[in-house]
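Participant: Below is the structure I would like to discuss, written out as structure tokens.
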Amino acid sequence: GAVVSQHPSWVICKSGTSVKIECRSLDFQATTMFWYRQFPKQSLMLMATSNEGSKATYEQGVEKDKFLINHASLTLSTLTVTSAHPEDSSFYICSAKEGTGVFAGELFFGEGSRLTVL
Amino acid sequence: LAKTTQPISMDSYEGQEVNITCSHNNIATNDYITWYQQFPSQGPRFIIQGYKTKVTNEVASLFIPADRKSSTLSLPRVSLSDTAVYYCLVGVGNTGGFKTIFGAGTRLFVKA
């Protein structure tokens, strides 16, 4: 199947700094990518839908100025956690959908990125 | 998007068949049903997807009754490595608004 890669796999940063996480579709073009956050023992929470060439659509309660999403190309979306604080520590996961047809198809997920803010 | 309800956890033993049922009473006509598996500190992995009746692949079967208000993921002869969280998702893919909302998932523990 198609591969979605995230980088970095884990990152530790100091409070107040910004961290960028990349999500790449390696062998297909993804018009739409999704970003999730997952706390320990909890389910994935959809943060935003990232559309190539346009602004991301954020879910209710997710601060768009805090979590900057850029979908600059059909194979790359980035999530920047600005002025990170310890409560932003979490597991961040991206996914990408191949194609734009009406068939639901398969969502491909990245390996996830563990963010720890000290 | 249709809300899904699954058992919080299930226990099984190696070699047994495991059936996990998901309720999605508000499923829409265009919605497909998809199941994902997630191991700790990894992204979810696609297992199977279906629209109605029965779908089978090399790892699982998916049973969907005629009213489509529920679905059952069947894992034949589970092994210890099948211990994971299983998510049932219901949604539609189109150019306008495909997105995925994860429910709580089912934590499956497979014992030796």
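If you're wondering about the labels, chains in the structure tokens are A, B, ... by order shown, residues count from 1 in each chain, ligands from 1 in order shown.
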Within 7 Å of Phe63 of chain B, counting only C-alpha atoms, which residues show up once you throw out same-chain ones fewer than 3 positions away? Write them as a PyMOL selection string, please.
Facilitator: chain B and resi 53-55+71-73
Participant: Go ahead and dump the residues you just picked, all heavy atoms, as a compact mmCIF listing (two decimals), in the first residue's frame.
Facilitator:
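What ended up in result37.txt:
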# COMPACT_ATOMS: atom_id res chain seq x y z
N THR B 53 -23.17 -6.22 3.17
CA THR B 53 -22.99 -7.68 3.20
C THR B 53 -21.66 -8.05 3.82
O THR B 53 -21.37 -7.68 4.93
CB THR B 53 -23.16 -8.29 1.79
OG1 THR B 53 -22.18 -7.79 0.91
CG2 THR B 53 -24.54 -7.98 1.25
N LYS B 54 -20.87 -8.83 3.10
CA LYS B 54 -19.65 -9.36 3.71
C LYS B 54 -18.45 -9.04 2.83
O LYS B 54 -18.50 -9.15 1.61
CB LYS B 54 -19.78 -10.86 3.89
CG LYS B 54 -18.53 -11.54 4.44
CD LYS B 54 -18.71 -13.05 4.50
CE LYS B 54 -17.41 -13.74 4.94
NZ LYS B 54 -17.54 -15.22 4.97
N VAL B 55 -17.38 -8.67 3.48
CA VAL B 55 -16.12 -8.43 2.81
C VAL B 55 -15.04 -9.25 3.52
O VAL B 55 -15.03 -9.30 4.75
CB VAL B 55 -15.73 -6.94 2.83
CG1 VAL B 55 -14.39 -6.72 2.14
CG2 VAL B 55 -16.82 -6.08 2.20
N SER B 71 -21.82 -3.15 12.29
CA SER B 71 -20.90 -3.96 11.51
C SER B 71 -20.06 -4.76 12.49
O SER B 71 -19.88 -4.36 13.66
CB SER B 71 -20.01 -3.09 10.61
OG SER B 71 -19.26 -2.17 11.38
N THR B 72 -19.58 -5.89 12.04
CA THR B 72 -18.78 -6.76 12.90
C THR B 72 -17.48 -7.10 12.21
O THR B 72 -17.47 -7.65 11.10
CB THR B 72 -19.54 -8.05 13.24
OG1 THR B 72 -20.74 -7.72 13.95
CG2 THR B 72 -18.69 -8.96 14.10
N LEU B 73 -16.40 -6.79 12.89
CA LEU B 73 -15.08 -7.16 12.42
C LEU B 73 -14.76 -8.53 12.99
O LEU B 73 -14.86 -8.74 14.21
CB LEU B 73 -14.03 -6.15 12.89
CG LEU B 73 -12.57 -6.51 12.61
CD1 LEU B 73 -12.28 -6.39 11.12
CD2 LEU B 73 -11.63 -5.64 13.43
Participant: Do you know which residues are at most 10 Å from Phe39 of chain A counting only C-alpha atoms, after dropping those on the same chain fewer than 3 positions away, and could you put them as a list in words?
Facilitator: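 Everything that qualifies: Gln42, Ser43, Leu44, Met45, Asp88, Ser89, Ser90, Phe91 and Tyr92 of chain A.
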Participant: Could the residues of chain B within 12 Å of chain A, counting only C-alpha atoms, be given as a ChimeraX atom specification, please?
Facilitator: /B:8,30-51,84-107
Participant: Output C-alpha atoms for every residue in the selection just made, as a PDB file, in the first residue's frame.
Facilitator:
ATOM      1  CA  ILE B   8     -14.283  -0.478  25.329  1.00  0.00           C
ATOM      2  CA  ASN B  30     -23.067   7.104   0.996  1.00  0.00           C
ATOM      3  CA  ASP B  31     -21.107   6.083   4.062  1.00  0.00           C
ATOM      4  CA  TYR B  32     -18.560   3.297   3.978  1.00  0.00           C
ATOM      5  CA  ILE B  33     -17.431   1.411   7.063  1.00  0.00           C
ATOM      6  CA  THR B  34     -13.725   1.127   7.711  1.00  0.00           C
ATOM      7  CA  TRP B  35     -11.765  -0.611  10.448  1.00  0.00           C
ATOM      8  CA  TYR B  36      -8.297   0.329  11.614  1.00  0.00           C
ATOM      9  CA  GLN B  37      -5.811  -1.275  13.984  1.00  0.00           C
ATOM     10  CA  GLN B  38      -3.456   0.714  16.160  1.00  0.00           C
ATOM     11  CA  PHE B  39      -0.479  -0.428  18.183  1.00  0.00           C
ATOM     12  CA  PRO B  40       0.989   1.812  20.908  1.00  0.00           C
ATOM     13  CA  SER B  41       2.976   4.765  19.565  1.00  0.00           C
ATOM     14  CA  GLN B  42       2.134   3.949  15.956  1.00  0.00           C
ATOM     15  CA  GLY B  43      -0.285   5.348  13.440  1.00  0.00           C
ATOM     16  CA  PRO B  44      -3.455   3.382  12.684  1.00  0.00           C
ATOM     17  CA  ARG B  45      -3.264   0.686  10.049  1.00  0.00           C
ATOM     18  CA  PHE B  46      -6.064  -0.090   7.618  1.00  0.00           C
ATOM     19  CA  ILE B  47      -7.679  -3.487   8.122  1.00  0.00           C
ATOM     20  CA  ILE B  48     -10.781  -3.674   5.988  1.00  0.00           C
ATOM     21  CA  GLN B  49     -13.548  -1.599   4.439  1.00  0.00           C
ATOM     22  CA  GLY B  50     -17.037  -2.410   3.277  1.00  0.00           C
ATOM     23  CA  TYR B  51     -20.393  -0.997   2.290  1.00  0.00           C
ATOM     24  CA  ALA B  84      -4.124  -3.622  19.803  1.00  0.00           C
ATOM     25  CA  VAL B  85      -6.852  -1.014  19.656  1.00  0.00           C
ATOM     26  CA  TYR B  86      -9.389  -1.449  16.876  1.00  0.00           C
ATOM     27  CA  TYR B  87     -11.336   1.497  15.533  1.00  0.00           C
ATOM     28  CA  CYS B  88     -14.505   1.478  13.495  1.00  0.00           C
ATOM     29  CA  LEU B  89     -14.972   4.523  11.284  1.00  0.00           C
ATOM     30  CA  VAL B  90     -17.955   5.554   9.247  1.00  0.00           C
ATOM     31  CA  GLY B  91     -17.664   8.226   6.641  1.00  0.00           C
ATOM     32  CA  VAL B  92     -17.973   9.172   3.064  1.00  0.00           C
ATOM     33  CA  GLY B  93     -15.288  10.113   0.633  1.00  0.00           C
ATOM     34  CA  ASN B  94     -15.942  12.922  -1.752  1.00  0.00           C
ATOM     35  CA  THR B  95     -14.244  16.023  -2.985  1.00  0.00           C
ATOM     36  CA  GLY B  96     -16.200  18.128  -0.608  1.00  0.00           C
ATOM     37  CA  GLY B  97     -15.658  16.846   2.836  1.00  0.00           C
ATOM     38  CA  PHE B  98     -14.117  13.532   3.575  1.00  0.00           C
ATOM     39  CA  LYS B  99     -12.823  13.388   7.081  1.00  0.00           C
ATOM     40  CA  THR B 100     -12.466  10.852   9.805  1.00  0.00           C
ATOM     41  CA  ILE B 101     -13.761  11.052  13.311  1.00  0.00           C
ATOM     42  CA  PHE B 102     -12.437   8.311  15.535  1.00  0.00           C
ATOM     43  CA  GLY B 103     -14.561   6.800  18.256  1.00  0.00           C
ATOM     44  CA  ALA B 104     -13.136   5.403  21.453  1.00  0.00           C
ATOM     45  CA  GLY B 105     -12.051   2.148  19.856  1.00  0.00           C
ATOM     46  CA  THR B 106     -11.902  -1.363  21.309  1.00  0.00           C
ATOM     47  CA  ARG B 107      -8.831  -2.525  23.182  1.00  0.00           C
TER      48      ARG B 107
END
Participant: Give me, as a ChimeraX atom specification, all polymer residues having an atom no more than 8 Å from Leu76 of chain A, counting only C-alpha atoms and skipping those fewer than 5 positions away in the same chain.
Facilitator: /A:22-25,71
Participant: Pick the closest to Gln6 of chain B from B:Lys69, B:His24, B:Arg77, B:Lys52: which is it, counting only C-alpha atoms?
Facilitator: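 Under the stated criterion, the closest residue is B:His24.
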Participant: State, in Å with one decimal place, the distance from atom CA of Met10 of chain B to atom CA of Phe109 of chain B.
Facilitator: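 Rounded to one decimal, the two atoms are 6.2 Å apart.
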Participant: Going by DSSP on the backbone, which residues of segment 13-118 of chain A come out as strand (DSSP E or B)? List them as a VMD selection string.
Facilitator: chain A and resid 13 19 to 25 32 to 38 45 to 51 57 to 58 67 to 73 76 to 81 90 to 97 107 to 109 113 to 117
Participant: Rank nothing, just name the residue among A:Lys20, A:Leu115, A:Lys14, A:Asn51 nearest to Thr75 of chain A, using only C-alpha atoms.
Facilitator: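 Of A:Lys20, A:Leu115, A:Lys14, A:Asn51, the one nearest Thr75 of chain A, counting only C-alpha atoms, is A:Asn51.
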Participant: Can you work out which one of A:Glu59, A:Asp65, A:Glu98, A:Glu52 has the shortest atom-to-atom distance to Ser83 of chain A, counting only C-alpha atoms?
Facilitator: A:Asp65
Participant: Could you tell me how far atom CA of Thr56 of chain B sits from atom CA of Glu17 of chain B, in Å to one decimal place?
Facilitator: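 Atom CA of Thr56 of chain B lies 14.4 Å from atom CA of Glu17 of chain B.
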Participant: One number please: atom CA of Val81 of chain A to atom CA of Ala30 of chain A, in Å, one decimal.
Facilitator: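 It comes out at 22.0 Å.
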Participant: Point out the residue among A:Ile21, A:Met47, A:Ala56, A:Ala72 with the least atom-to-atom distance to Trp35 of chain A, counting only C-alpha atoms.
Facilitator: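 The answer is A:Met47, which sits nearest to Trp35 of chain A.
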Participant: Taking only C-alpha atoms into account, which of B:Leu75, B:Val59, B:Ala66, B:Val110 comes nearest Ile20 of chain B?
Facilitator: B:Leu75
